[in-house]
Amino acid sequence: MAWRLPASWTNWVDFCLPDFAYDYRHEVFKRVGHDTFLSVAPGGIVLYTCEPAVISQITTRRNDFPKPTHIYTSLDIYGKNVVTTERDAWRRHRKATSPPFTEKNNHLVWDESIRQAKAMLSDWLGKDSKGGQKIDRVMDDTMRLSLNVISAAGFGRTMDWPTADTLAASKEADGYVDTSKIKNEDRDIDPGHSMSYTYAIHCLLDNILLQFLIPRWLLVRLPGATPRKANEAYHEWGNYMKELLSKKKEDIESGVANVETNDILTQLVKQQLVNQSQDKDIKSKNQLTESEVLGNMFVLILAGHETAANSIHFSILYLALYLQSQRHLQADLDKIFAGKSPDQWEYDRDLPHLFGGMAGAVLAEELRLAPPVIGIPKSTQEGVGPQKLTVEGKECVVPGDAYISLCTGAAHRNPGYWPTSKPRLPGGRPAHPVSNLDNDLEEFRPERWLLSEDDDAVTDADGIPVETLAKDQGLGVNESSDTSDRLFKPAKGAYLPFSEGYRACLGRRFAQVEVLAVLAILFQNHSVELDVSRYATDEEVDKMSLDQKAEVWHKAAEDARDLMLNGMGVIITLQLRAGKYLPR
């Protein structure tokens, strides 16, 4: 006979699990009975919150609630940077790294994203351009696309989409070519290097955990090819960047560089040269060392390419699951571009329509469900001491030396601050086993962001426009660059995919432009659907009735939803860590 302890005796165990606030979503706060609570344990005190008013207080009071920089020391492998510093050091890094993120740079992001997306789409469609292929490397390819975009728009180094002869390709039984491995071709290696630039950056990022977790003195002494390659890639990419930095300085000083060169590194170097011309006191306050420039370029490429790549990847998967939203997106793209080919698209004309339309809603909803960082870290550490906070209308004190987690997964699903409808899965069942059982906040519904001022705005399940629904539910709005003015605006602190306040992500607009351009390329003339080959071959599906096809599709959809629910994990950002179940 099996015995089970009462749930009231074991509930505390959940609070000891890694990422429990993301796994249980808003349910854990509902269980406690508050949207902000403290966890007290021998390891320390942690404040968890998904309350927008509390989040807003914490993010706007930067000096009272600093980032716990000690947890980011692994990111300093090339030098201190804007992510790993605080206070005066952070202000110096921010002042140096913020100006290069300009609209001119966004134009470059737009053009390069379109170029890379066209190449990726051509690869996916196959040699005959007919499509219909099974693509089980969506995550790998979106990572490559984002890496190529950030290399061009960030550093001015163009990387072309690989072809079969530049890859360590292997064919499976169905003739599919695996393009996930980059060759270290002799013809691509610059003089004085042992790796090509492309191979070095891929090898560096593929072995990033070794770079973070193992001291350099130990990594060089470990046996085996992987540690040796990881260490080699670390030095090779660093040397490539030092050479690129030196070359840009020379070109700018000699007048060779084009004044309209808008990549981030060139603009950063120009600003550094301006600082050098100032008097000694001002120069010392504004200047970054070479290692600090490299450190900032490293975190730009590390965090930047993952954030955009994951958003593209998840958007594709969600649109394959929610076909009505995919069709709505395609209809909106038809209106925006009116059949124009990508070489006729214009950033200034077309991006605002993408950002304020269904494409922007898809991106906003994807980031709501899968934010890059599931627990934004703050603290009362670093000698700050106890701090007052207004929590649920009452003044409270956060103890000194406390760690704080702004729980984005729960804040983005807090039913008190979002337009909601009834669960929409078959049978009206909820998408999560314990959280938001009576609403659709666990589901992908980009239409919740569309306002009724658009004649084609989609209503909720009961036919109520989103704008009316938001007002009836008493939801306030705020001005935020996380979404377009033409979309629903969550209350301040309720939506923070790029963090909020002084330490909000510098590359927010960069990522938004990239993702929107890529989605437009992929869905203007093409559709994605779930791969059902686990349950039936293409030949078998062709012979099925509509009901049989629907049954097979629902099985594949359940697999995909299960992976999105149970296969997500964090190393640097939130990613699909289990399985390779992807659209086709």
# chains A, B, ... in the order shown; residues from 1 in each chain; ligands from 1
>>> residues_around(residues="Pro227 of chain A", least_positions_apart="3", cutoff="12 Å", atoms="only C-alpha atoms", output="tab-separated table (two decimals) with N, CA and C atoms, in the first residue's frame")
chain	number	residue	atom	x	y	z
A	203	CYS	N	32.77	28.01	-33.06
A	203	CYS	CA	33.42	27.14	-32.09
A	203	CYS	C	33.41	27.76	-30.70
A	204	LEU	N	33.60	29.06	-30.62
A	204	LEU	CA	33.56	29.76	-29.34
A	204	LEU	C	32.19	29.62	-28.67
A	206	ASP	N	29.71	27.48	-29.47
A	206	ASP	CA	29.31	26.09	-29.26
A	206	ASP	C	29.87	25.52	-27.96
A	207	ASN	N	30.97	26.08	-27.50
A	207	ASN	CA	31.63	25.59	-26.28
A	207	ASN	C	31.61	26.65	-25.18
A	208	ILE	N	30.54	27.42	-25.15
A	208	ILE	CA	30.51	28.56	-24.25
A	208	ILE	C	30.53	28.16	-22.79
A	209	LEU	N	29.94	27.02	-22.43
A	209	LEU	CA	29.95	26.61	-21.03
A	209	LEU	C	31.36	26.28	-20.55
A	210	LEU	N	32.18	25.72	-21.43
A	210	LEU	CA	33.58	25.48	-21.06
A	210	LEU	C	34.28	26.81	-20.79
A	211	GLN	N	33.98	27.82	-21.61
A	211	GLN	CA	34.60	29.13	-21.42
A	211	GLN	C	34.19	29.74	-20.08
A	213	LEU	N	32.85	28.06	-17.26
A	213	LEU	CA	32.97	27.26	-16.04
A	213	LEU	C	34.39	26.83	-15.71
A	214	ILE	N	35.27	26.77	-16.70
A	214	ILE	CA	36.61	26.24	-16.47
A	214	ILE	C	37.63	27.35	-16.57
A	215	PRO	N	38.44	27.54	-15.54
A	215	PRO	CA	39.48	28.58	-15.59
A	215	PRO	C	40.41	28.36	-16.78
A	216	ARG	N	40.91	29.46	-17.34
A	216	ARG	CA	41.75	29.36	-18.53
A	216	ARG	C	42.97	28.49	-18.30
A	217	TRP	N	43.59	28.60	-17.10
A	217	TRP	CA	44.80	27.82	-16.82
A	217	TRP	C	44.52	26.32	-16.83
A	218	LEU	N	43.25	25.96	-16.46
A	218	LEU	CA	42.89	24.55	-16.44
A	218	LEU	C	42.46	24.07	-17.82
A	219	LEU	N	41.75	24.94	-18.55
A	219	LEU	CA	41.24	24.56	-19.87
A	219	LEU	C	42.37	24.16	-20.81
A	220	VAL	N	43.49	24.88	-20.74
A	220	VAL	CA	44.60	24.57	-21.64
A	220	VAL	C	45.29	23.25	-21.28
A	221	ARG	N	45.03	22.75	-20.08
A	221	ARG	CA	45.69	21.53	-19.63
A	221	ARG	C	44.79	20.29	-19.71
A	222	LEU	N	43.52	20.49	-20.03
A	222	LEU	CA	42.61	19.35	-20.10
A	222	LEU	C	42.88	18.54	-21.35
A	223	PRO	N	42.79	17.21	-21.25
A	223	PRO	CA	43.00	16.36	-22.43
A	223	PRO	C	41.78	16.39	-23.35
A	224	GLY	N	41.98	15.98	-24.57
A	224	GLY	CA	40.87	15.89	-25.51
A	224	GLY	C	40.81	17.04	-26.48
A	230	ALA	N	38.13	24.66	-27.85
A	230	ALA	CA	37.45	25.75	-27.15
A	230	ALA	C	38.44	26.85	-26.80
A	231	ASN	N	39.59	26.48	-26.29
A	231	ASN	CA	40.60	27.47	-25.93
A	231	ASN	C	41.17	28.16	-27.16
A	232	GLU	N	41.38	27.38	-28.22
A	232	GLU	CA	41.88	27.96	-29.47
A	232	GLU	C	40.89	28.98	-30.02
A	233	ALA	N	39.59	28.64	-29.99
A	233	ALA	CA	38.56	29.54	-30.51
A	233	ALA	C	38.50	30.83	-29.69
A	234	TYR	N	38.69	30.70	-28.37
A	234	TYR	CA	38.70	31.89	-27.50
A	234	TYR	C	39.78	32.87	-27.95
>>> closest_atom_pairs(of="segment 474-529 of chain A", to="segment 73-96 of chain A", cutoff="10 Å", atoms="only C-alpha atoms", output="JSON lines")
{"residue": "A:Tyr502", "atom": "CA", "partner": "A:Arg94", "partner_atom": "CA", "distance": 9.8}
{"residue": "A:Arg503", "atom": "CA", "partner": "A:Val83", "partner_atom": "CA", "distance": 8.8}
{"residue": "A:Cys505", "atom": "CA", "partner": "A:Val83", "partner_atom": "CA", "distance": 9.4}
{"residue": "A:Leu506", "atom": "CA", "partner": "A:Arg94", "partner_atom": "CA", "distance": 8.7}
>>> write_last_selection(atoms="all heavy atoms", output="PDB file, in the first residue's frame")
ATOM      1  N   TYR A 502      16.560  51.907 -16.140  1.00  0.00           N
ATOM      2  CA  TYR A 502      17.881  52.330 -16.582  1.00  0.00           C
ATOM      3  C   TYR A 502      18.672  51.188 -17.212  1.00  0.00           C
ATOM      4  O   TYR A 502      19.501  51.417 -18.096  1.00  0.00           O
ATOM      5  CB  TYR A 502      18.674  52.895 -15.398  1.00  0.00           C
ATOM      6  CG  TYR A 502      18.109  54.165 -14.830  1.00  0.00           C
ATOM      7  CD1 TYR A 502      17.336  54.143 -13.667  1.00  0.00           C
ATOM      8  CD2 TYR A 502      18.323  55.383 -15.454  1.00  0.00           C
ATOM      9  CE1 TYR A 502      16.809  55.312 -13.137  1.00  0.00           C
ATOM     10  CE2 TYR A 502      17.793  56.561 -14.934  1.00  0.00           C
ATOM     11  CZ  TYR A 502      17.037  56.513 -13.775  1.00  0.00           C
ATOM     12  OH  TYR A 502      16.507  57.665 -13.256  1.00  0.00           O
ATOM     13  N   ARG A 503      18.446  49.967 -16.761  1.00  0.00           N
ATOM     14  CA  ARG A 503      19.247  48.849 -17.234  1.00  0.00           C
ATOM     15  C   ARG A 503      18.509  48.026 -18.289  1.00  0.00           C
ATOM     16  O   ARG A 503      18.832  46.859 -18.507  1.00  0.00           O
ATOM     17  CB  ARG A 503      19.677  47.968 -16.066  1.00  0.00           C
ATOM     18  CG  ARG A 503      20.556  48.737 -15.074  1.00  0.00           C
ATOM     19  CD  ARG A 503      21.573  47.878 -14.403  1.00  0.00           C
ATOM     20  NE  ARG A 503      22.486  47.245 -15.343  1.00  0.00           N
ATOM     21  CZ  ARG A 503      23.779  47.046 -15.096  1.00  0.00           C
ATOM     22  NH1 ARG A 503      24.318  47.481 -13.973  1.00  0.00           N
ATOM     23  NH2 ARG A 503      24.537  46.426 -15.966  1.00  0.00           N
ATOM     24  N   CYS A 505      17.566  46.617 -21.917  1.00  0.00           N
ATOM     25  CA  CYS A 505      18.483  46.120 -22.949  1.00  0.00           C
ATOM     26  C   CYS A 505      18.788  47.186 -24.001  1.00  0.00           C
ATOM     27  O   CYS A 505      17.879  47.779 -24.590  1.00  0.00           O
ATOM     28  CB  CYS A 505      17.873  44.897 -23.624  1.00  0.00           C
ATOM     29  SG  CYS A 505      18.859  44.234 -24.968  1.00  0.00           S
ATOM     30  N   LEU A 506      20.087  47.417 -24.236  1.00  0.00           N
ATOM     31  CA  LEU A 506      20.512  48.375 -25.254  1.00  0.00           C
ATOM     32  C   LEU A 506      20.102  47.935 -26.655  1.00  0.00           C
ATOM     33  O   LEU A 506      19.823  48.757 -27.519  1.00  0.00           O
ATOM     34  CB  LEU A 506      22.036  48.526 -25.215  1.00  0.00           C
ATOM     35  CG  LEU A 506      22.642  49.424 -24.143  1.00  0.00           C
ATOM     36  CD1 LEU A 506      24.163  49.271 -24.147  1.00  0.00           C
ATOM     37  CD2 LEU A 506      22.263  50.862 -24.387  1.00  0.00           C
TER      38      LEU A 506
END
>>> atom_distance(atom1="atom CA of Lys134 of chain A", atom2="atom CA of Val528 of chain A")
10.4 Å
>>> atom_distance(atom1="atom CA of Val46 of chain A", atom2="atom CA of Tyr403 of chain A")
4.7 Å
>>> residues_around(residues="Asp141 of chain A", least_positions_apart="4", cutoff="10 Å", atoms="only C-alpha atoms", output="mmCIF file with all heavy atoms, in the first residue's frame")
data_model
loop_
_atom_site.group_PDB
_atom_site.id
_atom_site.type_symbol
_atom_site.label_atom_id
_atom_site.label_comp_id
_atom_site.auth_asym_id
_atom_site.auth_seq_id
_atom_site.Cartn_x
_atom_site.Cartn_y
_atom_site.Cartn_z
ATOM 1 N N ALA A 117 17.750 36.158 -44.204
ATOM 2 C CA ALA A 117 16.497 35.399 -44.181
ATOM 3 C C ALA A 117 16.174 34.818 -45.559
ATOM 4 O O ALA A 117 15.668 33.696 -45.676
ATOM 5 C CB ALA A 117 15.352 36.291 -43.703
ATOM 6 N N MET A 120 18.380 31.784 -45.919
ATOM 7 C CA MET A 120 17.900 30.680 -45.092
ATOM 8 C C MET A 120 16.643 30.059 -45.691
ATOM 9 O O MET A 120 16.504 28.822 -45.749
ATOM 10 C CB MET A 120 17.617 31.163 -43.674
ATOM 11 C CG MET A 120 17.180 30.063 -42.722
ATOM 12 S SD MET A 120 16.932 30.624 -41.010
ATOM 13 C CE MET A 120 15.381 31.541 -41.189
ATOM 14 N N ASP A 123 17.455 27.905 -48.613
ATOM 15 C CA ASP A 123 18.008 26.644 -48.122
ATOM 16 C C ASP A 123 16.895 25.707 -47.681
ATOM 17 O O ASP A 123 16.897 24.511 -47.992
ATOM 18 C CB ASP A 123 18.962 26.942 -46.961
ATOM 19 C CG ASP A 123 19.765 25.732 -46.532
ATOM 20 O OD1 ASP A 123 19.803 24.734 -47.279
ATOM 21 O OD2 ASP A 123 20.368 25.787 -45.442
ATOM 22 N N TRP A 124 15.910 26.232 -46.975
ATOM 23 C CA TRP A 124 14.810 25.411 -46.471
ATOM 24 C C TRP A 124 13.904 24.905 -47.602
ATOM 25 O O TRP A 124 13.345 23.812 -47.511
ATOM 26 C CB TRP A 124 13.972 26.221 -45.486
ATOM 27 C CG TRP A 124 14.642 26.416 -44.155
ATOM 28 C CD1 TRP A 124 15.868 25.968 -43.773
ATOM 29 C CD2 TRP A 124 14.110 27.122 -43.030
ATOM 30 N NE1 TRP A 124 16.148 26.347 -42.489
ATOM 31 C CE2 TRP A 124 15.079 27.062 -42.001
ATOM 32 C CE3 TRP A 124 12.927 27.812 -42.791
ATOM 33 C CZ2 TRP A 124 14.882 27.652 -40.746
ATOM 34 C CZ3 TRP A 124 12.742 28.403 -41.552
ATOM 35 C CH2 TRP A 124 13.699 28.317 -40.542
ATOM 36 N N ILE A 135 12.294 20.175 -41.796
ATOM 37 C CA ILE A 135 13.406 20.992 -41.313
ATOM 38 C C ILE A 135 13.545 20.754 -39.815
ATOM 39 O O ILE A 135 12.724 21.221 -39.029
ATOM 40 C CB ILE A 135 13.174 22.496 -41.581
ATOM 41 C CG1 ILE A 135 12.814 22.737 -43.040
ATOM 42 C CG2 ILE A 135 14.390 23.303 -41.176
ATOM 43 C CD1 ILE A 135 13.893 22.356 -44.019
ATOM 44 N N ASP A 136 14.560 20.001 -39.425
ATOM 45 C CA ASP A 136 14.728 19.721 -38.005
ATOM 46 C C ASP A 136 15.945 20.443 -37.426
ATOM 47 O O ASP A 136 16.520 20.029 -36.425
ATOM 48 C CB ASP A 136 14.827 18.215 -37.741
ATOM 49 C CG ASP A 136 16.073 17.586 -38.350
ATOM 50 O OD1 ASP A 136 16.825 18.294 -39.042
ATOM 51 O OD2 ASP A 136 16.290 16.381 -38.115
ATOM 52 N N ARG A 137 16.309 21.548 -38.043
ATOM 53 C CA ARG A 137 17.436 22.335 -37.551
ATOM 54 C C ARG A 137 17.044 23.809 -37.425
ATOM 55 O O ARG A 137 17.881 24.695 -37.584
ATOM 56 C CB ARG A 137 18.640 22.189 -38.491
ATOM 57 C CG ARG A 137 18.391 22.686 -39.917
ATOM 58 C CD ARG A 137 19.651 22.660 -40.773
ATOM 59 N NE ARG A 137 19.508 23.463 -41.959
ATOM 60 C CZ ARG A 137 18.994 23.031 -43.120
ATOM 61 N NH1 ARG A 137 18.590 21.791 -43.215
ATOM 62 N NH2 ARG A 137 18.905 23.841 -44.157
ATOM 63 N N LEU A 145 21.585 32.570 -38.451
ATOM 64 C CA LEU A 145 21.102 33.807 -39.070
ATOM 65 C C LEU A 145 21.389 35.007 -38.168
ATOM 66 O O LEU A 145 21.935 36.021 -38.621
ATOM 67 C CB LEU A 145 19.605 33.692 -39.344
ATOM 68 C CG LEU A 145 18.932 34.901 -40.010
ATOM 69 C CD1 LEU A 145 17.794 34.432 -40.916
ATOM 70 C CD2 LEU A 145 18.380 35.892 -38.997
ATOM 71 N N SER A 146 21.042 34.897 -36.899
ATOM 72 C CA SER A 146 21.248 36.018 -35.985
ATOM 73 C C SER A 146 22.724 36.315 -35.788
ATOM 74 O O SER A 146 23.118 37.486 -35.656
ATOM 75 C CB SER A 146 20.593 35.718 -34.630
ATOM 76 O OG SER A 146 19.197 35.789 -34.732
ATOM 77 N N LEU A 147 23.534 35.279 -35.766
ATOM 78 C CA LEU A 147 24.980 35.472 -35.643
ATOM 79 C C LEU A 147 25.510 36.238 -36.847
ATOM 80 O O LEU A 147 26.342 37.145 -36.716
ATOM 81 C CB LEU A 147 25.660 34.110 -35.524
ATOM 82 C CG LEU A 147 27.093 34.082 -35.019
ATOM 83 C CD1 LEU A 147 27.204 34.689 -33.629
ATOM 84 C CD2 LEU A 147 27.608 32.644 -35.000
ATOM 85 N N TRP A 161 25.566 33.028 -45.965
ATOM 86 C CA TRP A 161 24.901 31.777 -45.591
ATOM 87 C C TRP A 161 25.682 30.616 -46.209
ATOM 88 O O TRP A 161 26.048 30.669 -47.374
ATOM 89 C CB TRP A 161 23.462 31.765 -46.097
ATOM 90 C CG TRP A 161 22.654 30.672 -45.467
ATOM 91 C CD1 TRP A 161 22.345 29.470 -46.004
ATOM 92 C CD2 TRP A 161 22.068 30.693 -44.164
ATOM 93 N NE1 TRP A 161 21.599 28.721 -45.122
ATOM 94 C CE2 TRP A 161 21.415 29.459 -43.978
ATOM 95 C CE3 TRP A 161 22.040 31.637 -43.135
ATOM 96 C CZ2 TRP A 161 20.729 29.136 -42.802
ATOM 97 C CZ3 TRP A 161 21.366 31.323 -41.966
ATOM 98 C CH2 TRP A 161 20.712 30.089 -41.807
ATOM 99 N N THR A 179 23.278 20.902 -42.278
ATOM 100 C CA THR A 179 24.171 22.051 -42.417
ATOM 101 C C THR A 179 24.550 22.634 -41.062
ATOM 102 O O THR A 179 24.803 23.823 -40.932
ATOM 103 C CB THR A 179 23.496 23.139 -43.273
ATOM 104 O OG1 THR A 179 22.294 23.551 -42.619
ATOM 105 C CG2 THR A 179 23.190 22.647 -44.654
ATOM 106 N N SER A 180 24.552 21.810 -40.026
ATOM 107 C CA SER A 180 24.802 22.338 -38.687
ATOM 108 C C SER A 180 26.280 22.442 -38.351
ATOM 109 O O SER A 180 26.635 22.989 -37.325
ATOM 110 C CB SER A 180 24.100 21.453 -37.644
ATOM 111 O OG SER A 180 24.608 20.135 -37.691
ATOM 112 N N ALA A 309 17.455 35.050 -32.127
ATOM 113 C CA ALA A 309 17.301 33.711 -32.708
ATOM 114 C C ALA A 309 16.174 32.947 -32.026
ATOM 115 O O ALA A 309 15.362 32.284 -32.690
ATOM 116 C CB ALA A 309 18.611 32.932 -32.598
ATOM 117 N N HIS A 313 12.754 31.506 -33.719
ATOM 118 C CA HIS A 313 12.483 30.071 -33.573
ATOM 119 C C HIS A 313 11.115 29.831 -32.940
ATOM 120 O O HIS A 313 10.275 29.085 -33.471
ATOM 121 C CB HIS A 313 13.596 29.454 -32.717
ATOM 122 C CG HIS A 313 13.391 28.019 -32.363
ATOM 123 N ND1 HIS A 313 14.000 27.418 -31.294
ATOM 124 C CD2 HIS A 313 12.632 27.047 -32.922
ATOM 125 C CE1 HIS A 313 13.639 26.155 -31.222
ATOM 126 N NE2 HIS A 313 12.803 25.908 -32.193
#
>>> select_by_dssp(residues="segment 98-253 of chain A", states="strand (DSSP E)", output="PDB file with N, CA, C and O atoms, in the first residue's frame")
ATOM      1  N   SER A 170      26.481  16.014 -44.049  1.00  0.00           N
ATOM      2  CA  SER A 170      26.219  14.575 -44.030  1.00  0.00           C
ATOM      3  C   SER A 170      24.782  14.350 -44.436  1.00  0.00           C
ATOM      4  O   SER A 170      23.897  15.077 -44.007  1.00  0.00           O
ATOM      5  N   LYS A 171      24.542  13.357 -45.251  1.00  0.00           N
ATOM      6  CA  LYS A 171      23.191  13.103 -45.747  1.00  0.00           C
ATOM      7  C   LYS A 171      22.538  11.961 -44.972  1.00  0.00           C
ATOM      8  O   LYS A 171      23.156  10.946 -44.694  1.00  0.00           O
ATOM      9  N   VAL A 177      20.365  17.276 -46.199  1.00  0.00           N
ATOM     10  CA  VAL A 177      21.731  17.690 -45.909  1.00  0.00           C
ATOM     11  C   VAL A 177      21.770  18.419 -44.571  1.00  0.00           C
ATOM     12  O   VAL A 177      21.069  19.418 -44.381  1.00  0.00           O
ATOM     13  N   ASP A 178      22.560  17.911 -43.644  1.00  0.00           N
ATOM     14  CA  ASP A 178      22.715  18.544 -42.340  1.00  0.00           C
ATOM     15  C   ASP A 178      23.738  19.665 -42.453  1.00  0.00           C
ATOM     16  O   ASP A 178      24.919  19.420 -42.678  1.00  0.00           O
TER      17      ASP A 178
END
>>> atom_distance(atom1="atom CA of Pro423 of chain A", atom2="atom CA of Lys489 of chain A")
22.1 Å
